[in-house]
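*Asks:* See model19.pdb below, with PDB, C-alpha atoms, pLDDT in the B column.
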```
ATOM      1  CA  MET A 356     -14.466  -4.613  12.539  1.00 93.00           C
ATOM      2  CA  ARG A 357     -12.154  -5.247   9.584  1.00 96.00           C
ATOM      3  CA  ARG A 358      -8.538  -4.093   9.529  1.00 97.00           C
ATOM      4  CA  PHE A 359      -7.024  -3.008   6.227  1.00 98.00           C
ATOM      5  CA  GLY A 360      -3.375  -2.634   5.278  1.00 98.00           C
ATOM      6  CA  GLN A 361      -2.555  -1.148   1.878  1.00 98.00           C
ATOM      7  CA  VAL A 362       0.593  -0.333  -0.081  1.00 98.00           C
ATOM      8  CA  ALA A 363       1.223   2.166  -2.871  1.00 98.00           C
ATOM      9  CA  ARG A 364       4.113   3.824  -4.677  1.00 98.00           C
ATOM     10  CA  LEU A 365       4.479   7.470  -5.632  1.00 98.00           C
ATOM     11  CA  LYS A 366       6.227   8.994  -8.594  1.00 98.00           C
ATOM     12  CA  PRO A 367       9.550  10.219  -7.129  1.00 98.00           C
ATOM     13  CA  ASP A 368       8.910  13.765  -8.374  1.00 98.00           C
ATOM     14  CA  LYS A 369       5.447  13.820  -6.743  1.00 98.00           C
ATOM     15  CA  VAL A 370       6.443  12.789  -3.220  1.00 98.00           C
ATOM     16  CA  GLU A 371       6.573  16.363  -1.953  1.00 98.00           C
ATOM     17  CA  GLU A 372       3.173  17.204  -3.436  1.00 98.00           C
ATOM     18  CA  TYR A 373       1.577  14.123  -1.859  1.00 98.00           C
ATOM     19  CA  ARG A 374       3.148  15.031   1.497  1.00 98.00           C
ATOM     20  CA  ARG A 375       1.945  18.619   1.209  1.00 98.00           C
ATOM     21  CA  LEU A 376      -1.613  17.572   0.414  1.00 98.00           C
ATOM     22  CA  HIS A 377      -1.715  15.182   3.379  1.00 98.00           C
ATOM     23  CA  ALA A 378      -0.332  17.746   5.806  1.00 97.00           C
ATOM     24  CA  ASP A 379      -3.619  19.616   5.417  1.00 96.00           C
ATOM     25  CA  VAL A 380      -6.363  17.285   4.198  1.00 98.00           C
ATOM     26  CA  TRP A 381      -9.567  19.038   3.234  1.00 98.00           C
ATOM     27  CA  PRO A 382     -12.255  18.897   5.953  1.00 97.00           C
ATOM     28  CA  GLN A 383     -14.912  17.434   3.654  1.00 97.00           C
ATOM     29  CA  VAL A 384     -12.554  14.610   2.673  1.00 98.00           C
ATOM     30  CA  LEU A 385     -12.164  13.761   6.364  1.00 98.00           C
ATOM     31  CA  GLN A 386     -15.922  14.009   6.862  1.00 97.00           C
ATOM     32  CA  THR A 387     -16.497  11.545   4.031  1.00 98.00           C
ATOM     33  CA  ILE A 388     -13.961   9.135   5.547  1.00 98.00           C
ATOM     34  CA  ALA A 389     -15.902   9.319   8.805  1.00 98.00           C
ATOM     35  CA  ASP A 390     -19.265   8.929   7.022  1.00 98.00           C
ATOM     36  CA  CYS A 391     -17.921   5.822   5.298  1.00 98.00           C
ATOM     37  CA  ASN A 392     -17.213   4.138   8.651  1.00 98.00           C
ATOM     38  CA  ILE A 393     -13.424   4.300   8.525  1.00 98.00           C
ATOM     39  CA  ILE A 394     -11.520   4.929  11.751  1.00 97.00           C
ATOM     40  CA  ASN A 395      -7.902   4.866  12.984  1.00 97.00           C
ATOM     41  CA  TYR A 396      -6.564   5.763   9.533  1.00 98.00           C
ATOM     42  CA  SER A 397      -2.799   6.248   9.232  1.00 98.00           C
ATOM     43  CA  ILE A 398      -0.498   6.709   6.241  1.00 98.00           C
ATOM     44  CA  HIS A 399       3.234   6.130   6.636  1.00 98.00           C
ATOM     45  CA  ILE A 400       5.953   6.872   4.094  1.00 98.00           C
ATOM     46  CA  GLN A 401       9.525   5.816   3.332  1.00 98.00           C
ATOM     47  CA  ASP A 402      10.940   7.506   0.235  1.00 98.00           C
ATOM     48  CA  ASP A 403       8.288   6.791  -2.451  1.00 98.00           C
ATOM     49  CA  LEU A 404       6.668   3.887  -0.579  1.00 98.00           C
ATOM     50  CA  LEU A 405       3.329   4.442   1.144  1.00 98.00           C
ATOM     51  CA  PHE A 406       1.609   2.281   3.677  1.00 98.00           C
ATOM     52  CA  ALA A 407      -1.957   2.881   4.852  1.00 98.00           C
ATOM     53  CA  ARG A 408      -3.785   1.171   7.670  1.00 98.00           C
ATOM     54  CA  PHE A 409      -7.363   1.713   8.779  1.00 98.00           C
ATOM     55  CA  ASP A 410     -10.237  -0.034  10.495  1.00 97.00           C
ATOM     56  CA  TYR A 411     -13.672  -0.405   8.898  1.00 98.00           C
ATOM     57  CA  ILE A 412     -16.559  -0.410  11.360  1.00 98.00           C
ATOM     58  CA  GLY A 413     -19.530  -0.428   8.965  1.00 98.00           C
ATOM     59  CA  THR A 414     -21.514  -3.358   7.628  1.00 97.00           C
ATOM     60  CA  ASP A 415     -21.145  -2.979   3.823  1.00 98.00           C
ATOM     61  CA  TYR A 416     -17.630  -2.002   2.748  1.00 97.00           C
ATOM     62  CA  ALA A 417     -18.365  -2.039  -0.980  1.00 97.00           C
ATOM     63  CA  ALA A 418     -21.371   0.246  -0.523  1.00 98.00           C
ATOM     64  CA  ASP A 419     -19.368   2.639   1.644  1.00 98.00           C
ATOM     65  CA  MET A 420     -16.582   2.741  -0.958  1.00 97.00           C
ATOM     66  CA  ARG A 421     -19.167   3.603  -3.623  1.00 98.00           C
ATOM     67  CA  ARG A 422     -20.466   6.339  -1.318  1.00 97.00           C
ATOM     68  CA  MET A 423     -16.933   7.712  -1.025  1.00 97.00           C
ATOM     69  CA  GLU A 424     -16.502   7.677  -4.807  1.00 97.00           C
ATOM     70  CA  GLU A 425     -19.736   9.638  -5.200  1.00 97.00           C
ATOM     71  CA  ASP A 426     -18.676  12.532  -2.951  1.00 98.00           C
ATOM     72  CA  PRO A 427     -17.827  15.494  -5.235  1.00 98.00           C
ATOM     73  CA  VAL A 428     -15.192  16.942  -2.891  1.00 98.00           C
ATOM     74  CA  THR A 429     -13.462  13.566  -2.596  1.00 98.00           C
ATOM     75  CA  GLN A 430     -13.513  13.340  -6.397  1.00 98.00           C
ATOM     76  CA  GLU A 431     -11.795  16.738  -6.582  1.00 98.00           C
ATOM     77  CA  TRP A 432      -9.283  15.625  -3.918  1.00 98.00           C
ATOM     78  CA  TRP A 433      -8.476  12.563  -6.007  1.00 98.00           C
ATOM     79  CA  ARG A 434      -7.865  14.786  -9.058  1.00 98.00           C
ATOM     80  CA  HIS A 435      -4.991  16.208  -7.006  1.00 98.00           C
ATOM     81  CA  THR A 436      -3.724  13.012  -5.357  1.00 98.00           C
ATOM     82  CA  LYS A 437      -4.108  10.299  -8.010  1.00 98.00           C
ATOM     83  CA  PRO A 438      -1.563  11.751 -10.497  1.00 98.00           C
ATOM     84  CA  CYS A 439       1.037  11.457  -7.700  1.00 98.00           C
ATOM     85  CA  PHE A 440       0.938   7.648  -7.871  1.00 98.00           C
ATOM     86  CA  LEU A 441       3.589   5.771  -9.843  1.00 98.00           C
ATOM     87  CA  HIS A 442       1.082   3.663 -11.736  1.00 95.00           C
ATOM     88  CA  HIS A 443      -1.570   6.354 -12.281  1.00 95.00           C
ATOM     89  CA  ASP A 444      -1.501   5.428 -15.984  1.00 94.00           C
ATOM     90  CA  THR A 445      -2.931   1.986 -15.202  1.00 95.00           C
ATOM     91  CA  GLY A 446      -5.236   3.186 -12.411  1.00 92.00           C
ATOM     92  CA  THR A 447      -3.220   1.465  -9.677  1.00 94.00           C
ATOM     93  CA  TYR A 448      -3.286   3.225  -6.329  1.00 96.00           C
ATOM     94  CA  TYR A 449      -3.442   1.651  -2.859  1.00 97.00           C
ATOM     95  CA  GLN A 450      -3.483  -2.144  -3.014  1.00 97.00           C
ATOM     96  CA  ASP A 451      -4.810  -4.311  -0.199  1.00 97.00           C
ATOM     97  CA  MET A 452      -2.149  -6.345   1.590  1.00 98.00           C
ATOM     98  CA  GLU A 453      -2.650  -9.598   3.478  1.00 98.00           C
ATOM     99  CA  GLU A 454      -2.505  -9.515   7.277  1.00 98.00           C
ATOM    100  CA  ILE A 455      -0.241 -12.292   8.571  1.00 98.00           C
ATOM    101  CA  PHE A 456      -0.161 -11.281  12.248  1.00 98.00           C
ATOM    102  CA  TYR A 457      -2.317  -9.406  14.711  1.00 98.00           C
ATOM    103  CA  PHE A 458      -2.054  -9.112  18.464  1.00 97.00           C
ATOM    104  CA  ASP A 459      -3.692  -6.724  20.859  1.00 97.00           C
ATOM    105  CA  PRO A 460      -3.125  -7.412  24.555  1.00 95.00           C
ATOM    106  CA  THR A 461      -5.898  -4.971  25.459  1.00 93.00           C
ATOM    107  CA  THR A 462      -8.493  -7.208  23.816  1.00 87.00           C
ATOM    108  CA  SER A 463      -6.574 -10.501  23.807  1.00 65.00           C
ATOM    109  CA  SER A 464      -7.604 -10.884  20.161  1.00 56.00           C
ATOM    110  CA  THR A 465      -5.268 -12.218  17.501  1.00 54.00           C
TER     111      THR A 465
ATOM    112  CA  MET B 253       0.408   6.955  22.916  1.00 93.00           C
ATOM    113  CA  ARG B 254       2.856   6.752  20.011  1.00 96.00           C
ATOM    114  CA  ARG B 255       1.972   5.122  16.707  1.00 97.00           C
ATOM    115  CA  PHE B 256       4.666   3.272  14.793  1.00 98.00           C
ATOM    116  CA  GLY B 257       4.747   2.205  11.140  1.00 98.00           C
ATOM    117  CA  GLN B 258       7.650   0.061   9.979  1.00 98.00           C
ATOM    118  CA  VAL B 259       8.739  -1.518   6.706  1.00 98.00           C
ATOM    119  CA  ALA B 260      10.940  -4.535   6.006  1.00 98.00           C
ATOM    120  CA  ARG B 261      11.840  -6.868   3.154  1.00 98.00           C
ATOM    121  CA  LEU B 262      12.162 -10.650   3.259  1.00 98.00           C
ATOM    122  CA  LYS B 263      14.426 -12.903   1.275  1.00 98.00           C
ATOM    123  CA  PRO B 264      12.125 -14.299  -1.441  1.00 98.00           C
ATOM    124  CA  ASP B 265      12.969 -17.888  -0.444  1.00 98.00           C
ATOM    125  CA  LYS B 266      12.128 -17.156   3.217  1.00 98.00           C
ATOM    126  CA  VAL B 267       8.654 -15.673   2.743  1.00 98.00           C
ATOM    127  CA  GLU B 268       6.903 -18.953   3.466  1.00 98.00           C
ATOM    128  CA  GLU B 269       8.931 -19.555   6.633  1.00 98.00           C
ATOM    129  CA  TYR B 270       8.178 -16.055   7.929  1.00 98.00           C
ATOM    130  CA  ARG B 271       4.490 -16.576   7.211  1.00 98.00           C
ATOM    131  CA  ARG B 272       4.520 -19.962   8.939  1.00 98.00           C
ATOM    132  CA  LEU B 273       6.200 -18.559  12.052  1.00 98.00           C
ATOM    133  CA  HIS B 274       3.690 -15.709  12.286  1.00 98.00           C
ATOM    134  CA  ALA B 275       0.691 -17.963  11.855  1.00 97.00           C
ATOM    135  CA  ASP B 276       1.497 -19.398  15.286  1.00 96.00           C
ATOM    136  CA  VAL B 277       3.608 -16.954  17.296  1.00 98.00           C
ATOM    137  CA  TRP B 278       4.988 -18.380  20.543  1.00 98.00           C
ATOM    138  CA  PRO B 279       2.946 -17.393  23.609  1.00 97.00           C
ATOM    139  CA  GLN B 280       5.969 -15.984  25.489  1.00 97.00           C
ATOM    140  CA  VAL B 281       6.798 -13.734  22.526  1.00 98.00           C
ATOM    141  CA  LEU B 282       3.266 -12.328  22.703  1.00 98.00           C
ATOM    142  CA  GLN B 283       3.548 -11.952  26.479  1.00 97.00           C
ATOM    143  CA  THR B 284       6.766  -9.961  26.063  1.00 98.00           C
ATOM    144  CA  ILE B 285       5.103  -7.707  23.488  1.00 98.00           C
ATOM    145  CA  ALA B 286       2.342  -7.048  26.012  1.00 98.00           C
ATOM    146  CA  ASP B 287       4.841  -6.513  28.855  1.00 98.00           C
ATOM    147  CA  CYS B 288       6.677  -3.971  26.682  1.00 98.00           C
ATOM    148  CA  ASN B 289       3.508  -1.842  26.346  1.00 98.00           C
ATOM    149  CA  ILE B 290       2.792  -2.562  22.686  1.00 98.00           C
ATOM    150  CA  ILE B 291      -0.819  -2.886  21.573  1.00 97.00           C
ATOM    151  CA  ASN B 292      -2.792  -3.096  18.300  1.00 97.00           C
ATOM    152  CA  TYR B 293       0.137  -4.774  16.498  1.00 98.00           C
ATOM    153  CA  SER B 294      -0.453  -5.826  12.893  1.00 98.00           C
ATOM    154  CA  ILE B 295       1.868  -7.125  10.177  1.00 98.00           C
ATOM    155  CA  HIS B 296       0.766  -7.017   6.553  1.00 98.00           C
ATOM    156  CA  ILE B 297       2.531  -8.568   3.571  1.00 98.00           C
ATOM    157  CA  GLN B 298       2.671  -8.161  -0.207  1.00 98.00           C
ATOM    158  CA  ASP B 299       5.109 -10.551  -1.871  1.00 98.00           C
ATOM    159  CA  ASP B 300       8.368  -9.968   0.072  1.00 98.00           C
ATOM    160  CA  LEU B 301       7.333  -6.572   1.471  1.00 98.00           C
ATOM    161  CA  LEU B 302       6.288  -6.337   5.131  1.00 98.00           C
ATOM    162  CA  PHE B 303       4.524  -3.539   6.900  1.00 98.00           C
ATOM    163  CA  ALA B 304       4.072  -3.429  10.673  1.00 98.00           C
ATOM    164  CA  ARG B 305       2.007  -1.011  12.686  1.00 98.00           C
ATOM    165  CA  PHE B 306       1.605  -0.852  16.446  1.00 98.00           C
ATOM    166  CA  ASP B 307       0.834   1.573  19.234  1.00 97.00           C
ATOM    167  CA  TYR B 308       3.162   2.125  22.181  1.00 98.00           C
ATOM    168  CA  ILE B 309       1.412   2.955  25.436  1.00 98.00           C
ATOM    169  CA  GLY B 310       4.364   2.992  27.851  1.00 98.00           C
ATOM    170  CA  THR B 311       6.493   5.901  28.993  1.00 97.00           C
ATOM    171  CA  ASP B 312      10.039   4.797  27.990  1.00 98.00           C
ATOM    172  CA  TYR B 313      10.181   3.159  24.567  1.00 97.00           C
ATOM    173  CA  ALA B 314      13.959   2.657  24.578  1.00 97.00           C
ATOM    174  CA  ALA B 315      13.832   0.928  27.960  1.00 98.00           C
ATOM    175  CA  ASP B 316      10.955  -1.307  26.845  1.00 98.00           C
ATOM    176  CA  MET B 317      12.863  -2.264  23.676  1.00 97.00           C
ATOM    177  CA  ARG B 318      15.871  -3.211  25.831  1.00 98.00           C
ATOM    178  CA  ARG B 319      13.543  -5.277  27.993  1.00 97.00           C
ATOM    179  CA  MET B 320      12.288  -7.074  24.871  1.00 98.00           C
ATOM    180  CA  GLU B 321      15.860  -7.754  23.737  1.00 97.00           C
ATOM    181  CA  GLU B 322      16.662  -9.283  27.120  1.00 97.00           C
ATOM    182  CA  ASP B 323      13.840 -11.854  27.047  1.00 98.00           C
ATOM    183  CA  PRO B 324      15.448 -15.244  26.307  1.00 98.00           C
ATOM    184  CA  VAL B 325      12.413 -16.618  24.454  1.00 98.00           C
ATOM    185  CA  THR B 326      12.231 -13.527  22.247  1.00 98.00           C
ATOM    186  CA  GLN B 327      15.950 -13.960  21.517  1.00 98.00           C
ATOM    187  CA  GLU B 328      15.271 -17.538  20.434  1.00 98.00           C
ATOM    188  CA  TRP B 329      12.313 -16.351  18.325  1.00 98.00           C
ATOM    189  CA  TRP B 330      14.580 -13.840  16.587  1.00 98.00           C
ATOM    190  CA  ARG B 331      17.074 -16.618  15.825  1.00 98.00           C
ATOM    191  CA  HIS B 332      14.289 -18.054  13.667  1.00 98.00           C
ATOM    192  CA  THR B 333      12.875 -14.842  12.207  1.00 98.00           C
ATOM    193  CA  LYS B 334      15.900 -12.604  11.601  1.00 98.00           C
ATOM    194  CA  PRO B 335      17.550 -14.806   8.928  1.00 98.00           C
ATOM    195  CA  CYS B 336      14.331 -14.402   6.902  1.00 98.00           C
ATOM    196  CA  PHE B 337      15.050 -10.701   6.281  1.00 98.00           C
ATOM    197  CA  LEU B 338      16.676  -9.606   3.023  1.00 98.00           C
ATOM    198  CA  HIS B 339      19.343  -7.528   4.728  1.00 95.00           C
ATOM    199  CA  HIS B 340      20.046  -9.878   7.644  1.00 95.00           C
ATOM    200  CA  ASP B 341      23.760  -9.646   6.737  1.00 94.00           C
ATOM    201  CA  THR B 342      23.779  -5.957   7.658  1.00 96.00           C
ATOM    202  CA  GLY B 343      21.414  -6.298  10.625  1.00 92.00           C
ATOM    203  CA  THR B 344      18.598  -4.419   8.888  1.00 94.00           C
ATOM    204  CA  TYR B 345      15.103  -5.526   9.881  1.00 97.00           C
ATOM    205  CA  TYR B 346      12.024  -3.366  10.419  1.00 97.00           C
ATOM    206  CA  GLN B 347      12.712   0.323   9.775  1.00 97.00           C
ATOM    207  CA  ASP B 348      10.580   3.102  11.223  1.00 97.00           C
ATOM    208  CA  MET B 349       8.561   5.040   8.645  1.00 98.00           C
ATOM    209  CA  GLU B 350       7.306   8.600   8.919  1.00 98.00           C
ATOM    210  CA  GLU B 351       3.597   9.155   9.518  1.00 98.00           C
ATOM    211  CA  ILE B 352       2.241  11.750   7.068  1.00 98.00           C
ATOM    212  CA  PHE B 353      -1.469  11.404   7.873  1.00 98.00           C
ATOM    213  CA  TYR B 354      -3.650  10.312  10.754  1.00 97.00           C
ATOM    214  CA  PHE B 355      -7.369  10.624  11.253  1.00 97.00           C
ATOM    215  CA  ASP B 356      -9.678   8.963  13.713  1.00 97.00           C
ATOM    216  CA  PRO B 357     -13.263  10.199  13.718  1.00 95.00           C
ATOM    217  CA  THR B 358     -13.900   8.384  17.006  1.00 93.00           C
ATOM    218  CA  THR B 359     -11.438  10.631  18.809  1.00 87.00           C
ATOM    219  CA  SER B 360     -11.391  13.564  16.329  1.00 65.00           C
ATOM    220  CA  SER B 361      -7.597  13.447  16.580  1.00 57.00           C
ATOM    221  CA  THR B 362      -5.367  13.955  13.568  1.00 54.00           C
TER     222      THR B 362
END
```
Now that the file is in, can you turn its structure into structure tokens?

*Replies:*
Amino acid sequence: MRRFGQVARLKPDKVEEYRRLHADVWPQVLQTIADCNIINYSIHIQDDLLFARFDYIGTDYAADMRRMEEDPVTQEWWRHTKPCFLHHDTGTYYQDMEEIFYFDPTTSST
Amino acid sequence: MRRFGQVARLKPDKVEEYRRLHADVWPQVLQTIADCNIINYSIHIQDDLLFARFDYIGTDYAADMRRMEEDPVTQEWWRHTKPCFLHHDTGTYYQDMEEIFYFDPTTSST
């Protein structure tokens, strides 16, 4: 399993739209997330700052990301969500962050 | 179970020290985290921006946080880590963020 942490920034005038979209994510978008082997997916917000964390349980992340990009409903979803991002003009959305600490007493893994 | 997402900022000249400390967290600090019913605890970084996520599996979060504050080794750990934060002068460290999305296909919970 691989853990991912990602950061992004919204345009200040698009925060409410991004929140509204994520309060009721389309079922097929969720299905594609599941099909692409992503679990335990959270998005947190503070003002215009977004933080996403998820676990990847598949064996070929790049292939699963291509699969996600090829889903027509996900493409339509992104036509709604991507313009909300501050750096939409340069195609910058969620960026991978580096994990500097992990501890889970239930598995004793770090 | 409650999920937490938290954000913090480091002083730019303290990023390396914070990284170094978290590459080898003291065993008693980890034990206290476990004793305080926190699991699945990750910290991610991008430049001076920190994001923490963890799950709380106890029944009284405030009481467990007081318990953590009372552990002498954790207090000593914080004497090392807290001065690394940008707003140490005002006592501002990790701040809780709002969760706007959650999906886990393995439990079908959102």

*Asks:* Just how far from atom CA of Arg358 of chain A is atom CA of Leu302 of chain B, in Å to one decimal?

*Replies:*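 Those two atoms sit 15.6 Å apart.
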
*Asks:* Report as a CSV table (one decimal) with C-alpha atoms, in the coordinates of the input the residues that result from applying the PyMOL selection byres ((chain B) within 6 of (chain A)) to the structure here.

*Replies:*
```
chain,number,residue,atom,x,y,z
B,274,HIS,CA,3.7,-15.7,12.3
B,286,ALA,CA,2.3,-7.0,26.0
B,291,ILE,CA,-0.8,-2.9,21.6
B,292,ASN,CA,-2.8,-3.1,18.3
B,293,TYR,CA,0.1,-4.8,16.5
B,294,SER,CA,-0.5,-5.8,12.9
B,295,ILE,CA,1.9,-7.1,10.2
B,296,HIS,CA,0.8,-7.0,6.6
B,297,ILE,CA,2.5,-8.6,3.6
B,298,GLN,CA,2.7,-8.2,-0.2
B,349,MET,CA,8.6,5.0,8.6
B,350,GLU,CA,7.3,8.6,8.9
B,351,GLU,CA,3.6,9.2,9.5
B,352,ILE,CA,2.2,11.8,7.1
B,353,PHE,CA,-1.5,11.4,7.9
B,354,TYR,CA,-3.6,10.3,10.8
B,355,PHE,CA,-7.4,10.6,11.3
B,356,ASP,CA,-9.7,9.0,13.7
B,357,PRO,CA,-13.3,10.2,13.7
```

*Asks:* Hey, can you check how far atom CA of Tyr308 of chain B sits from atom CA of Met253 of chain B?

*Replies:* 5.6 Å

*Asks:* List as a ChimeraX atom specification the residues having at least one atom at most 10 Å from position (11.6, -13.8, 20.6) as given in the file, counting all atoms listed in the file.

*Replies:* /B:277-282,284-285,320-333

*Asks:* With all Cα atoms paired residue by residue, do a least-squares superposition of chain B on chain A and hand back the transformed coordinates as a tab-separated table (two decimals) with C-alpha atoms, keeping the file's coordinate frame.

*Replies:*
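Full text of superposed_22.tsv as output:
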```tsv
chain	number	residue	atom	x	y	z
B	253	MET	CA	-14.47	-4.59	12.53
B	254	ARG	CA	-12.16	-5.25	9.57
B	255	ARG	CA	-8.55	-4.11	9.52
B	256	PHE	CA	-7.02	-3.02	6.23
B	257	GLY	CA	-3.36	-2.63	5.27
B	258	GLN	CA	-2.56	-1.15	1.87
B	259	VAL	CA	0.60	-0.34	-0.07
B	260	ALA	CA	1.23	2.17	-2.86
B	261	ARG	CA	4.12	3.82	-4.68
B	262	LEU	CA	4.48	7.48	-5.63
B	263	LYS	CA	6.23	9.00	-8.59
B	264	PRO	CA	9.55	10.22	-7.12
B	265	ASP	CA	8.91	13.77	-8.37
B	266	LYS	CA	5.45	13.81	-6.74
B	267	VAL	CA	6.44	12.78	-3.21
B	268	GLU	CA	6.58	16.35	-1.96
B	269	GLU	CA	3.17	17.20	-3.42
B	270	TYR	CA	1.59	14.12	-1.84
B	271	ARG	CA	3.15	15.03	1.50
B	272	ARG	CA	1.95	18.62	1.21
B	273	LEU	CA	-1.62	17.56	0.42
B	274	HIS	CA	-1.71	15.18	3.38
B	275	ALA	CA	-0.33	17.73	5.81
B	276	ASP	CA	-3.61	19.61	5.43
B	277	VAL	CA	-6.35	17.28	4.20
B	278	TRP	CA	-9.59	19.03	3.23
B	279	PRO	CA	-12.25	18.90	5.96
B	280	GLN	CA	-14.92	17.42	3.64
B	281	VAL	CA	-12.55	14.60	2.67
B	282	LEU	CA	-12.16	13.76	6.36
B	283	GLN	CA	-15.92	14.01	6.87
B	284	THR	CA	-16.49	11.54	4.03
B	285	ILE	CA	-13.96	9.13	5.54
B	286	ALA	CA	-15.90	9.32	8.80
B	287	ASP	CA	-19.26	8.94	7.02
B	288	CYS	CA	-17.92	5.82	5.28
B	289	ASN	CA	-17.21	4.14	8.65
B	290	ILE	CA	-13.42	4.30	8.52
B	291	ILE	CA	-11.52	4.94	11.74
B	292	ASN	CA	-7.91	4.85	12.99
B	293	TYR	CA	-6.56	5.76	9.52
B	294	SER	CA	-2.80	6.24	9.23
B	295	ILE	CA	-0.49	6.71	6.24
B	296	HIS	CA	3.24	6.13	6.64
B	297	ILE	CA	5.96	6.87	4.10
B	298	GLN	CA	9.52	5.79	3.32
B	299	ASP	CA	10.94	7.49	0.23
B	300	ASP	CA	8.28	6.79	-2.45
B	301	LEU	CA	6.67	3.88	-0.59
B	302	LEU	CA	3.33	4.43	1.15
B	303	PHE	CA	1.60	2.26	3.68
B	304	ALA	CA	-1.96	2.88	4.85
B	305	ARG	CA	-3.81	1.16	7.65
B	306	PHE	CA	-7.38	1.72	8.78
B	307	ASP	CA	-10.25	-0.05	10.48
B	308	TYR	CA	-13.67	-0.40	8.88
B	309	ILE	CA	-16.56	-0.40	11.34
B	310	GLY	CA	-19.53	-0.43	8.95
B	311	THR	CA	-21.51	-3.37	7.61
B	312	ASP	CA	-21.14	-2.97	3.80
B	313	TYR	CA	-17.63	-1.99	2.73
B	314	ALA	CA	-18.39	-2.04	-1.00
B	315	ALA	CA	-21.38	0.26	-0.54
B	316	ASP	CA	-19.37	2.65	1.64
B	317	MET	CA	-16.58	2.76	-0.97
B	318	ARG	CA	-19.18	3.63	-3.64
B	319	ARG	CA	-20.48	6.35	-1.34
B	320	MET	CA	-16.94	7.73	-1.03
B	321	GLU	CA	-16.51	7.69	-4.82
B	322	GLU	CA	-19.74	9.66	-5.22
B	323	ASP	CA	-18.70	12.55	-2.95
B	324	PRO	CA	-17.85	15.50	-5.24
B	325	VAL	CA	-15.21	16.94	-2.90
B	326	THR	CA	-13.48	13.57	-2.60
B	327	GLN	CA	-13.51	13.34	-6.41
B	328	GLU	CA	-11.81	16.74	-6.58
B	329	TRP	CA	-9.30	15.63	-3.91
B	330	TRP	CA	-8.47	12.56	-6.00
B	331	ARG	CA	-7.87	14.78	-9.04
B	332	HIS	CA	-4.99	16.20	-7.00
B	333	THR	CA	-3.73	13.02	-5.35
B	334	LYS	CA	-4.11	10.30	-8.00
B	335	PRO	CA	-1.57	11.75	-10.49
B	336	CYS	CA	1.02	11.46	-7.69
B	337	PHE	CA	0.95	7.64	-7.86
B	338	LEU	CA	3.59	5.78	-9.85
B	339	HIS	CA	1.08	3.67	-11.74
B	340	HIS	CA	-1.56	6.37	-12.28
B	341	ASP	CA	-1.52	5.46	-16.00
B	342	THR	CA	-2.93	2.02	-15.20
B	343	GLY	CA	-5.24	3.20	-12.41
B	344	THR	CA	-3.22	1.47	-9.69
B	345	TYR	CA	-3.27	3.22	-6.32
B	346	TYR	CA	-3.44	1.64	-2.87
B	347	GLN	CA	-3.48	-2.16	-3.01
B	348	ASP	CA	-4.82	-4.31	-0.19
B	349	MET	CA	-2.17	-6.37	1.61
B	350	GLU	CA	-2.66	-9.61	3.50
B	351	GLU	CA	-2.52	-9.52	7.29
B	352	ILE	CA	-0.23	-12.28	8.59
B	353	PHE	CA	-0.16	-11.28	12.27
B	354	TYR	CA	-2.32	-9.40	14.73
B	355	PHE	CA	-2.05	-9.09	18.47
B	356	ASP	CA	-3.70	-6.72	20.88
B	357	PRO	CA	-3.10	-7.41	24.56
B	358	THR	CA	-5.89	-4.98	25.48
B	359	THR	CA	-8.48	-7.21	23.84
B	360	SER	CA	-6.51	-10.50	23.83
B	361	SER	CA	-7.55	-10.88	20.19
B	362	THR	CA	-5.19	-12.22	17.56
```

*Asks:* Between atom CA of Lys263 of chain B and atom CA of Tyr345 of chain B, measure the distance and give it in Å to one decimal.

*Replies:*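 Those two atoms sit 11.4 Å apart.
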
*Asks:* Could you give me, as a list of chain:residue names, the residues within 12 Å of Pro335 of chain B, counting all atoms listed in the file and dropping anything in the same chain fewer than 6 positions from it?

*Replies:*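 My list of contacting residues is B:Arg261, B:Leu262, B:Lys263, B:Pro264, B:Asp265, B:Lys266, B:Val267, B:Glu269, B:Tyr270, B:Trp329, B:Asp341, B:Thr342, B:Gly343, B:Thr344, B:Tyr345.
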
*Asks:* Given the choices A:Cys391, A:Met420, A:Asp403, A:Arg357, which gets closest to Cys439 of chain A if the distance is worked out from only C-alpha atoms?

*Replies:*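 Comparing A:Cys391, A:Met420, A:Asp403, A:Arg357 against Cys439 of chain A, the winner is A:Asp403.
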
*Asks:* Missing atoms in segment 255-261 of chain B: can you complete it with N, CA and C atoms, as a PDB file, in the coordinates of the input?

*Replies:*
```pdb
ATOM      1  N   ARG B 255       2.221   6.087  17.784  1.00 97.00           N
ATOM      2  CA  ARG B 255       1.972   5.122  16.707  1.00 97.00           C
ATOM      3  C   ARG B 255       3.263   4.879  15.943  1.00 97.00           C
ATOM      4  N   PHE B 256       3.500   3.627  15.599  1.00 98.00           N
ATOM      5  CA  PHE B 256       4.666   3.272  14.793  1.00 98.00           C
ATOM      6  C   PHE B 256       4.215   2.588  13.505  1.00 98.00           C
ATOM      7  N   GLY B 257       4.867   2.935  12.401  1.00 98.00           N
ATOM      8  CA  GLY B 257       4.747   2.205  11.140  1.00 98.00           C
ATOM      9  C   GLY B 257       6.144   1.817  10.711  1.00 98.00           C
ATOM     10  N   GLN B 258       6.312   0.563  10.307  1.00 98.00           N
ATOM     11  CA  GLN B 258       7.650   0.061   9.979  1.00 98.00           C
ATOM     12  C   GLN B 258       7.587  -0.796   8.717  1.00 98.00           C
ATOM     13  N   VAL B 259       8.658  -0.745   7.948  1.00 98.00           N
ATOM     14  CA  VAL B 259       8.739  -1.518   6.706  1.00 98.00           C
ATOM     15  C   VAL B 259       9.951  -2.439   6.759  1.00 98.00           C
ATOM     16  N   ALA B 260       9.816  -3.598   6.106  1.00 98.00           N
ATOM     17  CA  ALA B 260      10.940  -4.535   6.006  1.00 98.00           C
ATOM     18  C   ALA B 260      10.777  -5.355   4.735  1.00 98.00           C
ATOM     19  N   ARG B 261      11.885  -5.978   4.317  1.00 98.00           N
ATOM     20  CA  ARG B 261      11.840  -6.868   3.154  1.00 98.00           C
ATOM     21  C   ARG B 261      12.389  -8.232   3.535  1.00 98.00           C
TER      22      ARG B 261
END
```
